[in-house]
$ cat final_18.cif   # mmCIF, C-alpha atoms
data_upload
#
loop_
_atom_site.label_atom_id
_atom_site.label_comp_id
_atom_site.auth_asym_id
_atom_site.auth_seq_id
_atom_site.Cartn_x
_atom_site.Cartn_y
_atom_site.Cartn_z
CA MET A 8 -52.45 40.88 -32.82
CA ARG A 9 -56.19 40.93 -32.12
CA LYS A 10 -55.81 38.39 -29.34
CA THR A 11 -53.16 40.53 -27.64
CA VAL A 12 -55.33 43.65 -27.83
CA LEU A 13 -58.35 41.75 -26.48
CA VAL A 14 -56.33 40.26 -23.63
CA VAL A 15 -54.92 43.69 -22.71
CA LEU A 16 -58.40 45.25 -22.77
CA PHE A 17 -59.80 42.40 -20.69
CA ILE A 18 -57.05 42.76 -18.06
CA LEU A 19 -57.51 46.52 -18.02
CA GLY A 20 -61.24 46.05 -17.43
CA LEU A 21 -60.56 43.65 -14.54
CA VAL A 22 -58.11 46.04 -12.94
CA LEU A 23 -60.46 49.02 -13.25
CA SER A 24 -63.47 47.11 -11.93
CA ALA A 25 -61.46 45.81 -8.96
CA THR A 26 -60.16 49.32 -8.26
CA PHE A 27 -63.64 50.84 -8.08
CA ARG A 28 -65.17 48.02 -6.04
CA LEU A 29 -62.55 47.75 -3.31
CA ALA A 30 -62.80 49.99 -0.24
CA PRO A 31 -60.01 52.52 0.20
CA ALA A 32 -57.28 51.71 2.69
CA GLN A 33 -57.60 53.23 6.13
CA ALA A 34 -54.08 54.57 6.42
CA THR A 35 -52.67 55.17 9.86
CA VAL A 36 -49.61 57.03 10.99
CA PRO A 37 -47.21 54.82 12.94
CA ASP A 38 -45.91 55.84 16.33
CA THR A 39 -42.64 57.75 16.22
CA GLN A 40 -39.83 56.72 18.54
CA VAL A 41 -37.00 59.09 19.45
CA TYR A 42 -34.01 58.43 21.71
CA THR A 43 -32.45 61.22 23.75
CA TRP A 44 -30.35 61.89 26.82
CA ASP A 45 -32.44 63.33 29.62
CA PHE A 46 -32.36 63.71 33.39
CA ILE A 47 -33.96 60.90 35.34
CA ARG A 48 -36.36 63.42 36.95
CA PRO A 49 -36.58 67.21 37.31
CA GLY A 50 -33.87 68.58 39.62
CA SER A 51 -31.71 65.47 39.27
CA GLN A 52 -28.13 65.47 37.99
CA GLN A 53 -28.25 61.86 36.73
CA LEU A 54 -28.51 61.48 32.94
CA VAL A 55 -30.25 58.46 31.42
CA CYS A 56 -31.14 57.39 27.89
CA LYS A 57 -34.87 57.79 27.27
CA GLN A 58 -37.09 56.50 24.50
CA ILE A 59 -39.89 58.94 23.70
CA THR A 60 -42.84 57.43 21.84
CA ILE A 61 -45.15 59.93 20.13
CA HIS A 62 -48.66 58.72 19.26
CA PRO A 63 -50.85 60.90 17.02
CA GLU A 64 -54.62 60.68 17.53
CA ASN A 65 -56.99 62.14 14.93
CA GLU A 66 -59.99 64.08 16.15
CA VAL A 67 -62.69 65.54 13.92
CA VAL A 68 -63.25 69.22 14.75
CA SER A 69 -66.90 69.33 13.66
CA GLN A 70 -69.16 67.52 11.25
CA THR A 71 -69.42 70.54 8.95
CA SER A 72 -65.66 71.05 8.84
CA HIS A 73 -63.42 68.88 6.70
CA HIS A 74 -60.40 69.72 8.85
CA LYS A 75 -59.05 67.38 11.48
CA SER A 76 -57.05 68.26 14.51
CA VAL A 77 -54.27 65.97 15.61
CA LYS A 78 -53.71 65.37 19.28
CA MET A 79 -50.25 64.12 20.18
CA SER A 80 -49.59 62.03 23.25
CA SER A 81 -46.13 60.89 24.29
CA LYS A 82 -44.62 58.42 26.69
CA SER A 83 -41.01 58.31 27.84
CA THR A 84 -39.26 55.18 29.03
CA ILE A 85 -35.73 54.74 30.38
CA VAL A 86 -33.81 52.36 28.11
CA GLU A 87 -30.24 51.02 27.85
CA GLU A 88 -27.52 53.53 27.07
CA ARG A 89 -26.60 51.73 23.84
CA TYR A 90 -29.64 53.31 22.16
CA CYS A 91 -28.17 56.78 22.77
CA SER A 92 -24.55 55.79 22.03
CA ARG A 93 -24.43 57.88 18.82
CA LEU A 94 -25.81 60.97 20.54
CA THR A 95 -23.62 63.51 22.27
CA LYS A 96 -24.12 63.31 26.02
CA PRO A 97 -24.86 66.79 27.44
CA PRO A 98 -22.59 68.09 30.21
CA VAL A 99 -23.97 67.71 33.72
#

$ encode --input "final_18.cif" --output "structure tokens"
Amino acid sequence: MRKTVLVVLFILGLVLSATFRLAPAQATVPDTQVYTWDFIRPGSQQLVCKQITIHPENEVVSQTSHHKSVKMSSKSTIVEERYCSRLTKPPV
């Protein structure tokens, strides 16, 4: 019984010491990808399937503020129609 308690306390001490010594993870938000039907260009009547990739970029507002602003940038690419096959195609 004593051995079990000592082993548990020893393992708990190792876990706690490792937790406090390791640097926190620098978590990042992955890019979001969305598929949608869209016109090939403004004024066009041709619909294509587009992949829109949204990339968030963190920016610190000021050194005294703890708030962060998030700037979003996006990029659209024409992809195969199979990616939009489950989406309802809008009328032209």

$ resolve_selection --input "final_18.cif" --expression "the PyMOL selection byres ((chain A and resi 84-88) around 6)" --output "ChimeraX atom specification"
/A:56-58,83,89-91

$ atom_distance --input "final_18.cif" --atom1 "atom CA of A:Leu21" --atom2 "atom CA of A:Arg9"
18.3 Å

$ atom_distance --input "final_18.cif" --atom1 "atom CA of A:Gln52" --atom2 "atom CA of A:Lys82"
21.2 Å

$ residues_around --input "final_18.cif" --residues "A:Ile61" --least-positions-apart "4" --cutoff "12 Å" --atoms "all atoms listed in the file" --output "mmCIF file with C-alpha atoms, keeping the file's coordinate frame"
data_model
loop_
_atom_site.group_PDB
_atom_site.id
_atom_site.type_symbol
_atom_site.label_atom_id
_atom_site.label_comp_id
_atom_site.auth_asym_id
_atom_site.auth_seq_id
_atom_site.Cartn_x
_atom_site.Cartn_y
_atom_site.Cartn_z
ATOM 1 C CA VAL A 36 -49.610 57.030 10.990
ATOM 2 C CA PRO A 37 -47.210 54.820 12.940
ATOM 3 C CA ASP A 38 -45.910 55.840 16.330
ATOM 4 C CA THR A 39 -42.640 57.750 16.220
ATOM 5 C CA GLN A 40 -39.830 56.720 18.540
ATOM 6 C CA VAL A 41 -37.000 59.090 19.450
ATOM 7 C CA TYR A 42 -34.010 58.430 21.710
ATOM 8 C CA VAL A 77 -54.270 65.970 15.610
ATOM 9 C CA LYS A 78 -53.710 65.370 19.280
ATOM 10 C CA MET A 79 -50.250 64.120 20.180
ATOM 11 C CA SER A 80 -49.590 62.030 23.250
ATOM 12 C CA SER A 81 -46.130 60.890 24.290
ATOM 13 C CA LYS A 82 -44.620 58.420 26.690
ATOM 14 C CA SER A 83 -41.010 58.310 27.840
ATOM 15 C CA THR A 84 -39.260 55.180 29.030
#

$ axis_aligned_box --input "final_18.cif" --around "stretch 13-22 of chain A" --padding-each-side "4 Å" --output "AutoDock Vina command-line options"
--center_x -58.1 --center_y 43.4 --center_z -19.7 --size_x 14.3 --size_y 14.3 --size_z 21.5

$ atom_distance --input "final_18.cif" --atom1 "atom CA of A:Thr95" --atom2 "atom CA of A:His62"
25.7 Å

$ residues_around --input "final_18.cif" --residues "A:Leu94" --least-positions-apart "2" --cutoff "8 Å" --atoms "all atoms listed in the file" --output "PDB file with C-alpha atoms, keeping the file's coordinate frame"
ATOM      1  CA  THR A  43     -32.450  61.220  23.750  1.00  0.00           C
ATOM      2  CA  TRP A  44     -30.350  61.890  26.820  1.00  0.00           C
ATOM      3  CA  CYS A  91     -28.170  56.780  22.770  1.00  0.00           C
ATOM      4  CA  SER A  92     -24.550  55.790  22.030  1.00  0.00           C
ATOM      5  CA  LYS A  96     -24.120  63.310  26.020  1.00  0.00           C
TER       6      LYS A  96
END

$ closest_residue --input "final_18.cif" --among "A:Leu29, A:Ile18, A:Val99, A:Val12" --to "A:Gln53" --atoms "all atoms listed in the file"
A:Val99
